[in-house]
$ cat entry-v1.tsv   # TSV, C-alpha atoms
chain	number	residue	atom	x	y	z
A	1	MET	CA	7.72	12.02	-113.16
A	2	ARG	CA	7.14	13.41	-109.68
A	3	SER	CA	9.51	15.85	-108.11
A	4	CYS	CA	10.85	15.79	-104.58
A	5	GLY	CA	8.62	18.77	-103.74
A	6	ASP	CA	5.58	16.87	-104.84
A	7	GLU	CA	6.38	14.01	-102.49
A	8	ILE	CA	6.62	16.40	-99.58
A	9	ASP	CA	3.38	18.03	-100.61
A	10	ASP	CA	1.70	14.63	-100.62
A	11	ALA	CA	3.05	13.77	-97.21
A	12	ALA	CA	1.96	17.10	-95.78
A	13	GLY	CA	-1.51	16.57	-97.06
A	14	PRO	CA	-3.53	18.47	-99.63
A	15	GLY	CA	-4.97	20.97	-97.10
A	16	LEU	CA	-1.51	22.26	-95.91
A	17	SER	CA	-0.01	23.18	-99.26
A	18	PRO	CA	-2.60	24.82	-101.39
A	19	LEU	CA	-0.02	26.37	-103.70
A	20	PRO	CA	2.19	24.29	-106.04
A	21	GLY	CA	5.77	24.18	-104.77
A	22	SER	CA	4.91	25.64	-101.37
A	23	GLY	CA	5.88	22.34	-99.57
A	24	ARG	CA	9.40	22.53	-100.81
A	25	MET	CA	9.56	26.14	-99.83
A	26	GLU	CA	8.38	25.37	-96.30
A	27	GLN	CA	10.96	22.66	-95.98
A	28	LEU	CA	13.62	25.06	-97.01
A	29	VAL	CA	12.42	27.69	-94.60
A	30	GLU	CA	12.31	25.19	-91.78
A	31	ALA	CA	15.83	24.05	-92.49
A	32	ILE	CA	17.01	27.64	-92.54
A	33	ALA	CA	15.14	28.40	-89.34
A	34	GLU	CA	16.61	25.38	-87.63
A	35	ARG	CA	20.06	26.36	-88.69
A	36	VAL	CA	19.55	29.95	-87.59
A	37	VAL	CA	18.08	28.95	-84.26
A	38	GLY	CA	20.94	26.53	-83.72
A	39	LEU	CA	23.48	29.25	-84.43
A	40	VAL	CA	21.62	31.72	-82.23
A	41	VAL	CA	21.36	29.27	-79.34
A	42	GLU	CA	25.03	28.45	-79.65
A	43	ALA	CA	25.84	32.12	-79.64
A	44	ILE	CA	23.66	32.92	-76.64
A	45	ASP	CA	25.13	32.67	-73.17
A	46	ILE	CA	22.16	31.06	-71.40
A	47	ASN	CA	23.63	31.67	-67.96
A	48	ALA	CA	23.96	35.35	-68.70
A	49	VAL	CA	20.37	35.47	-69.91
A	50	VAL	CA	19.08	33.62	-66.84
A	51	SER	CA	21.04	35.87	-64.56
A	52	LYS	CA	19.26	38.82	-66.08
A	53	VAL	CA	15.82	37.33	-65.38
A	54	ASP	CA	14.17	38.77	-62.28
A	55	MET	CA	13.08	35.52	-60.68
A	56	ASP	CA	11.28	37.28	-57.85
A	57	ALA	CA	9.16	39.22	-60.30
A	58	LEU	CA	8.53	36.05	-62.25
A	59	LEU	CA	7.48	34.11	-59.18
A	60	ALA	CA	5.35	37.01	-57.98
A	61	ASN	CA	3.20	36.53	-61.06
A	62	VAL	CA	2.77	32.82	-60.42
A	63	ASP	CA	-0.34	31.86	-58.46
A	64	VAL	CA	1.08	28.96	-56.47
A	65	ASP	CA	-2.16	28.37	-54.61
A	66	ALA	CA	-4.02	27.93	-57.85
A	67	ILE	CA	-1.45	25.43	-59.05
A	68	VAL	CA	-1.48	23.50	-55.81
A	69	SER	CA	-5.28	23.46	-55.75
A	70	LYS	CA	-5.27	21.73	-59.10
A	71	VAL	CA	-2.96	19.00	-57.89
A	72	ASP	CA	-4.73	15.80	-56.81
A	73	VAL	CA	-2.61	15.10	-53.75
A	74	ASP	CA	-4.41	11.86	-52.92
A	75	ALA	CA	-3.77	10.50	-56.35
A	76	LEU	CA	-0.18	11.59	-56.05
A	77	ILE	CA	0.23	9.84	-52.72
A	78	ASP	CA	-1.47	6.72	-54.06
A	79	ARG	CA	1.18	6.50	-56.71
A	80	VAL	CA	3.99	6.78	-54.18
A	81	ASP	CA	5.42	3.46	-52.99
A	82	VAL	CA	6.09	4.40	-49.39
A	83	GLU	CA	7.46	0.97	-48.54
A	84	LYS	CA	10.08	1.34	-51.22
A	85	ILE	CA	11.04	4.76	-49.93
A	86	VAL	CA	11.27	3.53	-46.36
A	87	GLU	CA	13.40	0.58	-47.44
A	88	ARG	CA	15.85	2.98	-49.01
A	89	VAL	CA	16.11	5.07	-45.84
A	90	ASP	CA	19.19	4.30	-43.80
A	91	VAL	CA	17.72	4.78	-40.33
A	92	ASP	CA	21.00	3.97	-38.60
A	93	ARG	CA	22.68	6.73	-40.54
A	94	ILE	CA	19.95	9.21	-39.62
A	95	VAL	CA	20.06	8.22	-35.97
A	96	GLY	CA	23.83	8.45	-36.07
A	97	ARG	CA	23.54	12.07	-37.12
A	98	VAL	CA	21.16	12.91	-34.26
A	99	ASP	CA	22.81	14.57	-31.31
A	100	VAL	CA	20.95	12.78	-28.53
A	101	GLU	CA	22.86	14.62	-25.82
A	102	GLN	CA	21.69	17.94	-27.22
A	103	ILE	CA	18.09	16.73	-27.32
A	104	ILE	CA	18.28	15.50	-23.74
A	105	GLU	CA	19.76	18.82	-22.66
A	106	ARG	CA	16.77	20.59	-24.14
A	107	VAL	CA	14.29	18.39	-22.27
A	108	ASP	CA	12.94	19.97	-19.08
A	109	VAL	CA	13.07	16.87	-16.91
A	110	GLN	CA	12.13	18.76	-13.76
A	111	GLY	CA	9.09	20.14	-15.57
A	112	ILE	CA	8.03	16.63	-16.56
A	113	ILE	CA	8.55	15.36	-13.01
A	114	ASP	CA	6.52	18.26	-11.62
A	115	ARG	CA	3.64	17.30	-13.89
A	116	VAL	CA	3.65	13.67	-12.78
A	117	ASP	CA	1.20	12.80	-9.99
A	118	VAL	CA	3.52	10.52	-8.03
A	119	GLU	CA	0.88	9.71	-5.42
A	120	LYS	CA	-1.44	8.43	-8.15
A	121	VAL	CA	1.32	6.37	-9.72
A	122	ILE	CA	2.26	4.80	-6.39
A	123	GLN	CA	-1.39	4.03	-5.65
A	124	GLN	CA	-1.54	2.02	-8.86
A	125	VAL	CA	1.50	-0.06	-7.96
A	126	ASP	CA	0.74	-3.40	-6.35
A	127	ILE	CA	3.84	-3.52	-4.16
A	128	ASP	CA	3.19	-7.02	-2.88
A	129	SER	CA	2.87	-8.34	-6.41
A	130	LEU	CA	5.95	-6.40	-7.44
A	131	VAL	CA	7.99	-7.89	-4.66
A	132	GLU	CA	6.69	-11.38	-5.37
A	133	GLN	CA	7.42	-11.32	-9.09
A	134	THR	CA	10.70	-9.47	-9.26
A	135	GLU	CA	14.18	-9.57	-7.82
A	136	LEU	CA	13.21	-6.51	-5.79
A	137	GLY	CA	12.21	-8.75	-2.94
A	138	THR	CA	15.63	-10.36	-2.80
A	139	ILE	CA	17.27	-6.95	-2.89
A	140	ILE	CA	15.08	-5.69	-0.06
A	141	ALA	CA	15.69	-8.86	1.90
A	142	ARG	CA	19.45	-8.61	1.47
A	143	SER	CA	19.62	-4.92	2.21
A	144	THR	CA	17.27	-4.57	5.12
A	145	SER	CA	16.78	-7.96	6.65
A	146	GLY	CA	19.07	-9.36	9.23
A	147	VAL	CA	18.55	-11.90	11.95
A	148	ALA	CA	17.97	-9.13	14.47
A	149	SER	CA	15.37	-7.29	12.40
A	150	GLU	CA	13.59	-10.54	11.59
A	151	ALA	CA	13.44	-11.42	15.28
A	152	LEU	CA	12.24	-7.91	16.05
A	153	ASP	CA	9.51	-8.12	13.38
A	154	LEU	CA	8.45	-11.47	14.79
A	155	VAL	CA	8.28	-10.22	18.39
A	156	ARG	CA	6.36	-7.11	17.36
A	157	ALA	CA	3.94	-9.05	15.17
A	158	GLN	CA	3.36	-11.54	17.97
A	159	GLY	CA	2.75	-8.67	20.37
A	160	VAL	CA	0.21	-7.04	18.07
A	161	GLY	CA	-1.45	-10.40	17.54
A	162	LEU	CA	-1.81	-10.91	21.28
A	163	ASP	CA	-3.04	-7.32	21.67
A	164	ASP	CA	-5.76	-8.07	19.14
A	165	PHE	CA	-6.65	-11.31	20.88
A	166	VAL	CA	-7.02	-9.60	24.25
A	167	ALA	CA	-8.89	-6.63	22.74
A	168	ARG	CA	-11.32	-8.99	20.98
A	169	TRP	CA	-12.18	-10.72	24.25
A	170	VAL	CA	-12.52	-7.44	26.15
A	171	ASN	CA	-14.82	-6.07	23.45
A	172	ARG	CA	-16.86	-9.27	23.57
A	173	ILE	CA	-17.21	-9.08	27.36
A	174	LEU	CA	-18.07	-5.37	27.30
A	175	ARG	CA	-20.36	-5.93	24.26
A	176	ARG	CA	-18.55	-3.25	22.30
A	177	ASN	CA	-18.45	-3.04	18.53
A	178	PRO	CA	-14.77	-2.78	17.49
A	179	ASP	CA	-15.77	-0.66	14.48
A	180	ASP	CA	-17.07	2.03	16.84
A	181	LEU	CA	-13.75	2.36	18.64
A	182	PRO	CA	-11.20	4.99	17.64
A	183	VAL	CA	-8.14	3.48	15.98
A	184	GLY	CA	-5.72	6.11	17.25
A	185	PRO	CA	-5.17	9.77	18.11
A	186	PRO	CA	-7.29	11.85	15.70
A	187	GLY	CA	-4.44	14.07	14.52
A	188	LEU	CA	-2.11	11.16	13.89
A	189	VAL	CA	-4.74	9.03	12.15
A	190	ALA	CA	-5.72	11.94	9.91
A	191	ALA	CA	-2.09	12.55	9.00
A	192	LEU	CA	-1.55	8.89	8.19
A	193	GLU	CA	-4.73	8.70	6.15
A	194	ALA	CA	-3.55	11.74	4.23
A	195	VAL	CA	-0.56	9.79	3.01
A	196	ASP	CA	-2.82	6.81	2.32
A	197	ARG	CA	-1.30	4.50	4.88
A	198	PRO	CA	-3.51	1.53	5.66
A	199	THR	CA	-4.76	1.60	9.24
A	200	LEU	CA	-7.02	-0.94	10.83
A	201	PRO	CA	-9.44	-0.56	13.70
A	202	ALA	CA	-8.09	-1.71	17.04
A	203	GLY	CA	-9.03	-5.25	17.90
A	204	ARG	CA	-9.39	-6.34	14.28
A	205	THR	CA	-7.12	-8.52	12.25
A	206	PRO	CA	-6.70	-7.78	8.58
B	1	MET	CA	6.35	-26.81	-4.25
B	2	THR	CA	4.19	-24.37	-2.39
B	3	SER	CA	2.79	-21.64	-4.55
B	4	ARG	CA	2.81	-18.05	-3.39
B	5	SER	CA	-0.96	-17.86	-3.05
B	6	GLU	CA	-0.97	-20.73	-0.58
B	7	VAL	CA	1.55	-19.13	1.78
B	8	THR	CA	-0.11	-17.65	4.83
B	9	ALA	CA	0.55	-13.94	5.07
B	10	PRO	CA	1.71	-12.45	8.36
B	11	PRO	CA	-1.25	-11.14	10.32
B	12	VAL	CA	-0.21	-7.56	10.89
B	13	VAL	CA	-0.19	-4.87	8.23
B	14	GLY	CA	0.09	-1.14	8.75
B	15	ARG	CA	-0.69	-0.43	12.40
B	16	GLN	CA	1.30	2.77	12.63
B	17	GLY	CA	-0.61	5.36	14.66
B	18	ASN	CA	-3.08	2.90	16.18
B	19	TYR	CA	-3.47	2.70	19.96
B	20	ALA	CA	-1.03	0.11	21.31
B	21	GLY	CA	-2.47	-2.87	23.13
B	22	ALA	CA	-1.91	-4.14	26.66
B	23	VAL	CA	0.40	-7.06	25.85
B	24	THR	CA	2.84	-5.01	23.79
B	25	ARG	CA	2.93	-2.30	26.43
B	26	LEU	CA	3.44	-4.81	29.22
B	27	VAL	CA	6.33	-6.52	27.41
B	28	ALA	CA	7.89	-3.15	26.61
B	29	PHE	CA	7.62	-2.08	30.25
B	30	ALA	CA	9.14	-5.37	31.40
B	31	ALA	CA	12.02	-4.85	28.98
B	32	ASP	CA	12.52	-1.34	30.34
B	33	VAL	CA	12.48	-2.51	33.95
B	34	GLY	CA	15.00	-5.21	33.06
B	35	ALA	CA	17.22	-2.75	31.18
B	36	SER	CA	17.10	-0.03	33.81
B	37	TRP	CA	17.67	-2.42	36.69
B	38	GLY	CA	20.44	-4.14	34.80
B	39	ILE	CA	22.21	-0.86	34.15
B	40	PHE	CA	21.70	0.22	37.74
B	41	THR	CA	23.04	-3.07	39.12
B	42	LEU	CA	26.09	-2.85	36.89
B	43	SER	CA	26.63	0.73	38.01
B	44	VAL	CA	26.38	-0.23	41.67
B	45	ALA	CA	28.84	-3.06	41.08
B	46	ALA	CA	31.21	-0.64	39.32
B	47	VAL	CA	30.99	1.85	42.20
B	48	THR	CA	31.53	-0.91	44.78
B	49	PHE	CA	34.56	-2.12	42.88
B	50	ALA	CA	35.96	1.41	42.62
B	51	ILE	CA	35.51	2.03	46.38
B	52	GLN	CA	37.17	-1.31	47.10
B	53	LEU	CA	40.10	-0.38	44.90
B	54	VAL	CA	40.56	3.01	46.55
B	55	THR	CA	39.93	2.09	50.19
B	56	GLY	CA	40.98	-1.53	50.14
B	57	ARG	CA	37.82	-2.48	52.06
B	58	THR	CA	34.94	-4.62	50.93
B	59	VAL	CA	31.80	-2.48	50.64
B	60	ASP	CA	28.20	-3.65	50.26
B	61	LEU	CA	25.91	-0.80	49.17
B	62	THR	CA	22.78	-2.79	49.92
B	63	HIS	CA	23.62	-3.33	53.57
B	64	GLY	CA	23.44	-0.77	56.34
B	65	ARG	CA	20.64	1.74	56.84
B	66	VAL	CA	22.28	4.81	55.35
B	67	THR	CA	23.85	3.10	52.38
B	68	SER	CA	20.64	1.24	51.64
B	69	LEU	CA	18.67	4.49	51.72
B	70	LEU	CA	21.24	6.16	49.50
B	71	THR	CA	21.14	3.27	47.09
B	72	LEU	CA	17.34	3.35	47.06
B	73	PHE	CA	17.38	7.10	46.46
B	74	ALA	CA	19.86	6.62	43.62
B	75	LEU	CA	17.62	3.94	42.17
B	76	VAL	CA	14.58	6.24	42.24
B	77	VAL	CA	16.53	9.06	40.64
B	78	TRP	CA	17.93	6.71	38.02
B	79	GLU	CA	14.49	5.31	37.12
B	80	PHE	CA	13.16	8.85	36.84
B	81	VAL	CA	16.01	9.85	34.55
B	82	TYR	CA	15.74	6.63	32.56
B	83	PHE	CA	12.06	7.12	31.69
B	84	ALA	CA	11.68	10.91	31.71
B	85	TYR	CA	14.76	11.59	29.62
B	86	GLN	CA	13.94	9.00	26.96
B	87	TRP	CA	10.28	9.97	26.72
B	88	SER	CA	11.11	13.65	26.40
B	89	LEU	CA	13.80	12.91	23.84
B	90	SER	CA	11.94	10.67	21.39
B	91	GLY	CA	8.71	9.54	23.03
B	92	LYS	CA	10.04	6.04	23.49
B	93	THR	CA	12.25	4.08	25.87
B	94	VAL	CA	14.54	1.23	24.88
B	95	GLY	CA	11.83	-1.33	25.60
B	96	MET	CA	9.23	0.65	23.67
B	97	ALA	CA	11.61	1.00	20.72
B	98	LEU	CA	12.12	-2.76	20.70
B	99	LEU	CA	8.39	-3.42	20.68
B	100	GLY	CA	7.69	-0.64	18.18
B	101	ILE	CA	5.54	1.67	20.29
B	102	ARG	CA	5.87	5.27	21.43
B	103	VAL	CA	4.19	7.88	23.59
B	104	VAL	CA	2.43	10.78	21.89
B	105	GLU	CA	0.12	13.50	23.15
B	106	VAL	CA	-3.62	12.80	22.92
B	107	GLU	CA	-3.97	14.38	19.47
B	108	GLY	CA	-0.97	12.49	18.12
B	109	GLY	CA	1.77	15.09	18.33
B	110	ALA	CA	5.14	14.70	20.05
B	111	ILE	CA	5.03	14.96	23.83
B	112	THR	CA	6.73	17.82	25.64
B	113	GLY	CA	9.37	17.55	28.34
B	114	ARG	CA	6.78	18.54	30.92
B	115	GLN	CA	4.47	15.74	29.81
B	116	ALA	CA	7.38	13.29	30.01
B	117	VAL	CA	8.13	14.38	33.56
B	118	VAL	CA	4.47	14.23	34.64
B	119	ARG	CA	4.10	10.79	33.06
B	120	THR	CA	7.19	9.51	34.88
B	121	VAL	CA	6.19	10.96	38.25
B	122	THR	CA	2.64	9.64	38.04
B	123	LEU	CA	3.62	6.21	36.71
B	124	PRO	CA	3.84	4.72	40.27
B	125	PHE	CA	0.23	5.79	40.92
B	126	SER	CA	-0.96	3.33	38.30
B	127	PHE	CA	0.55	0.54	40.44
B	128	LEU	CA	-1.62	1.46	43.43
B	129	PHE	CA	-4.50	-0.84	44.42
B	130	PHE	CA	-2.99	-3.86	42.70
B	131	GLY	CA	-2.31	-2.04	39.46
B	132	LEU	CA	-5.80	-0.66	39.09
B	133	GLY	CA	-4.46	2.27	37.09
B	134	PHE	CA	-3.34	-0.04	34.31
B	135	LEU	CA	-6.82	-1.45	33.84
B	136	GLY	CA	-7.61	1.48	31.57
B	137	ILE	CA	-5.22	0.04	28.95
B	138	LEU	CA	-7.53	-2.96	28.71
B	139	LEU	CA	-10.91	-1.32	29.11
B	140	ASN	CA	-10.76	2.26	27.85
B	141	ARG	CA	-11.55	3.17	24.26
B	142	ASP	CA	-8.23	5.01	23.92
B	143	ARG	CA	-6.29	2.47	26.02
B	144	ARG	CA	-4.98	4.99	28.53
B	145	ALA	CA	-3.66	4.19	32.02
B	146	TRP	CA	-3.83	6.65	34.91
B	147	HIS	CA	-0.39	8.12	34.22
B	148	ASP	CA	-1.48	8.64	30.59
B	149	ARG	CA	-4.48	10.64	31.80
B	150	PHE	CA	-2.35	12.72	34.15
B	151	ALA	CA	0.13	13.56	31.40
B	152	ARG	CA	-2.46	13.76	28.59
B	153	THR	CA	-0.65	11.14	26.55
B	154	VAL	CA	-1.45	7.96	24.65
B	155	VAL	CA	0.72	5.07	23.44
B	156	VAL	CA	0.63	4.10	19.76
B	157	TYR	CA	2.31	1.58	17.48
B	158	SER	CA	5.18	3.22	15.67
B	159	TRP	CA	6.80	0.36	13.77
B	160	ASP	CA	6.33	0.03	10.05
B	161	ALA	CA	4.54	-3.27	9.78
B	162	ARG	CA	4.23	-2.82	6.03
B	163	ALA	CA	8.02	-2.79	5.65
B	164	ALA	CA	8.16	-5.90	7.80
B	165	ARG	CA	5.61	-7.54	5.53
B	166	LEU	CA	7.70	-6.65	2.47
B	167	ARG	CA	10.72	-8.24	4.09
B	168	TRP	CA	8.62	-11.29	4.88
B	169	LEU	CA	7.36	-11.51	1.30
B	170	ALA	CA	10.88	-11.10	-0.01
B	171	LYS	CA	12.04	-14.14	1.93
B	172	GLN	CA	9.43	-16.41	0.38
B	173	GLU	CA	10.22	-18.70	-2.52
B	174	PRO	CA	9.87	-17.12	-5.99
B	175	ALA	CA	6.56	-17.96	-7.68
B	176	THR	CA	6.76	-20.90	-10.05
B	177	PRO	CA	5.35	-20.30	-13.54
B	178	SER	CA	2.33	-22.50	-14.24

$ encode --input "entry-v1.tsv" --output "structure tokens"
Amino acid sequence: MRSCGDEIDDAAGPGLSPLPGSGRMEQLVEAIAERVVGLVVEAIDINAVVSKVDMDALLANVDVDAIVSKVDVDALIDRVDVEKIVERVDVDRIVGRVDVEQIIERVDVQGIIDRVDVEKVIQQVDIDSLVEQTELGTIIARSTSGVASEALDLVRAQGVGLDDFVARWVNRILRRNPDDLPVGPPGLVAALEAVDRPTLPAGRTP
Amino acid sequence: MTSRSEVTAPPVVGRQGNYAGAVTRLVAFAADVGASWGIFTLSVAAVTFAIQLVTGRTVDLTHGRVTSLLTLFALVVWEFVYFAYQWSLSGKTVGMALLGIRVVEVEGGAITGRQAVVRTVTLPFSFLFFGLGFLGILLNRDRRAWHDRFARTVVVYSWDARAARLRWLAKQEPATPS
């Protein structure tokens, strides 16, 4: 007949219990140890123990760089389901917590404006196209155009047209090249060219 | 429906600062003569009416040697004031403002009061010999008449043709999507 200690010895394997009855003894010791440890743990105030640990000293001994260097960040990121994380983010709630007014107050608008090359921006704007394709034209027409100004524009345009007609004939008779003629007073033309206003040679239609 | 690309654009774009041509200057001068004479005639009528009210007699300021001379003198003074004052003030008269031209000094700067006065005083000289002095507006490279040369001035376009073009474009039909 086999005893209980024999069964334990068999389960532990022949190499672990070289002495007869040692398996039972180990079992007993383990049980005692478990009981003792349980009692000790119950008796210990873990919080008090932790409070006594000098965490700074502990962390000072930890080589964080070495730990981080061993971490395969790429592999870690590959395992992260970003889509799932993003889906769980309540953007509206985040935006709701942002104080936009405060952000705007911190923006140096004047500084931004100062850095913008307005001349360059305006040069890139096709004003004719803008007026044609937007309501801007209607606004301009309503705000600036009246019967009187239209009539005035017409009279002036007709006058300039006739000026050009006469100048063309005079240049033809005098055998002058219109391109060689000055368009206007040098100072005035230079000032207008500086602000990139289109000027045309006298006697030429655009 | 006419598409935007088919609409003929107005012929004039951006002439500010260019020498003004003969036709525009002639029309502007005609407008000024009409305006100044109109104002003078109204003034004479007002004075005649006032004298008639006070004295009870009918007065004709254009009849009689002395009154005619006085009226002529007043007309000369008035024309001088009309042109010289307006040119010195803004470089343009009423007629020039209507036609969108103005007087500037030869380099393009604003004219001085002295230049305005010289230009006004020498303006009649351009009428001599059947208006020979005005021929320079047609023939000279800088389109200057005699009185312009005396006063060292030129006449340039001052109206913003580009703004006029924008107004013209704004009036056109909106482009239809193809």

$ closest_residue --input "entry-v1.tsv" --among "B:Val77, B:Ile137, B:Val94, B:Leu70" --to "Val170 in chain A" --atoms "only C-alpha atoms"
B:Ile137

$ atom_distance --input "entry-v1.tsv" --atom1 "CA of Asp78 in chain A" --atom2 "CA of Val95 in chain A"
28.2 Å

$ residues_around --input "entry-v1.tsv" --residues "range 121-125 of chain B" --least-positions-apart "4" --cutoff "12 Å" --atoms "all atoms listed in the file" --output "list in words"
Phe29, Val76, Val77, Glu79, Phe80, Val81, Tyr82, Phe83, Ala84, Arg114, Gln115, Ala116, Val117, Phe129, Phe130, Gly131, Leu132, Gly133, Phe134, Arg144, Ala145, Trp146, His147, Asp148, Arg149, Phe150, Ala151 and Arg152 of chain B

$ atom_distance --input "entry-v1.tsv" --atom1 "CA of Val89 in chain A" --atom2 "CA of Ile104 in chain A"
24.5 Å

$ residues_around --input "entry-v1.tsv" --residues "range 97-108 of chain B" --least-positions-apart "5" --cutoff "6 Å" --atoms "only C-alpha atoms" --output "JSON, numbers by chain"
{"A": [156, 185, 186, 187, 188], "B": [28, 91, 92, 152, 153, 154, 155, 156, 157, 158, 159]}

$ closest_residue --input "entry-v1.tsv" --among "B:Val118, B:Arg15, B:Trp87, B:Leu166" --to "Ile127 in chain A" --atoms "all atoms listed in the file"
B:Leu166

$ closest_residue --input "entry-v1.tsv" --among "B:Leu169, B:Gly95, B:Asn18, B:Thr62" --to "Gly34 in chain B" --atoms "all atoms listed in the file"
B:Gly95
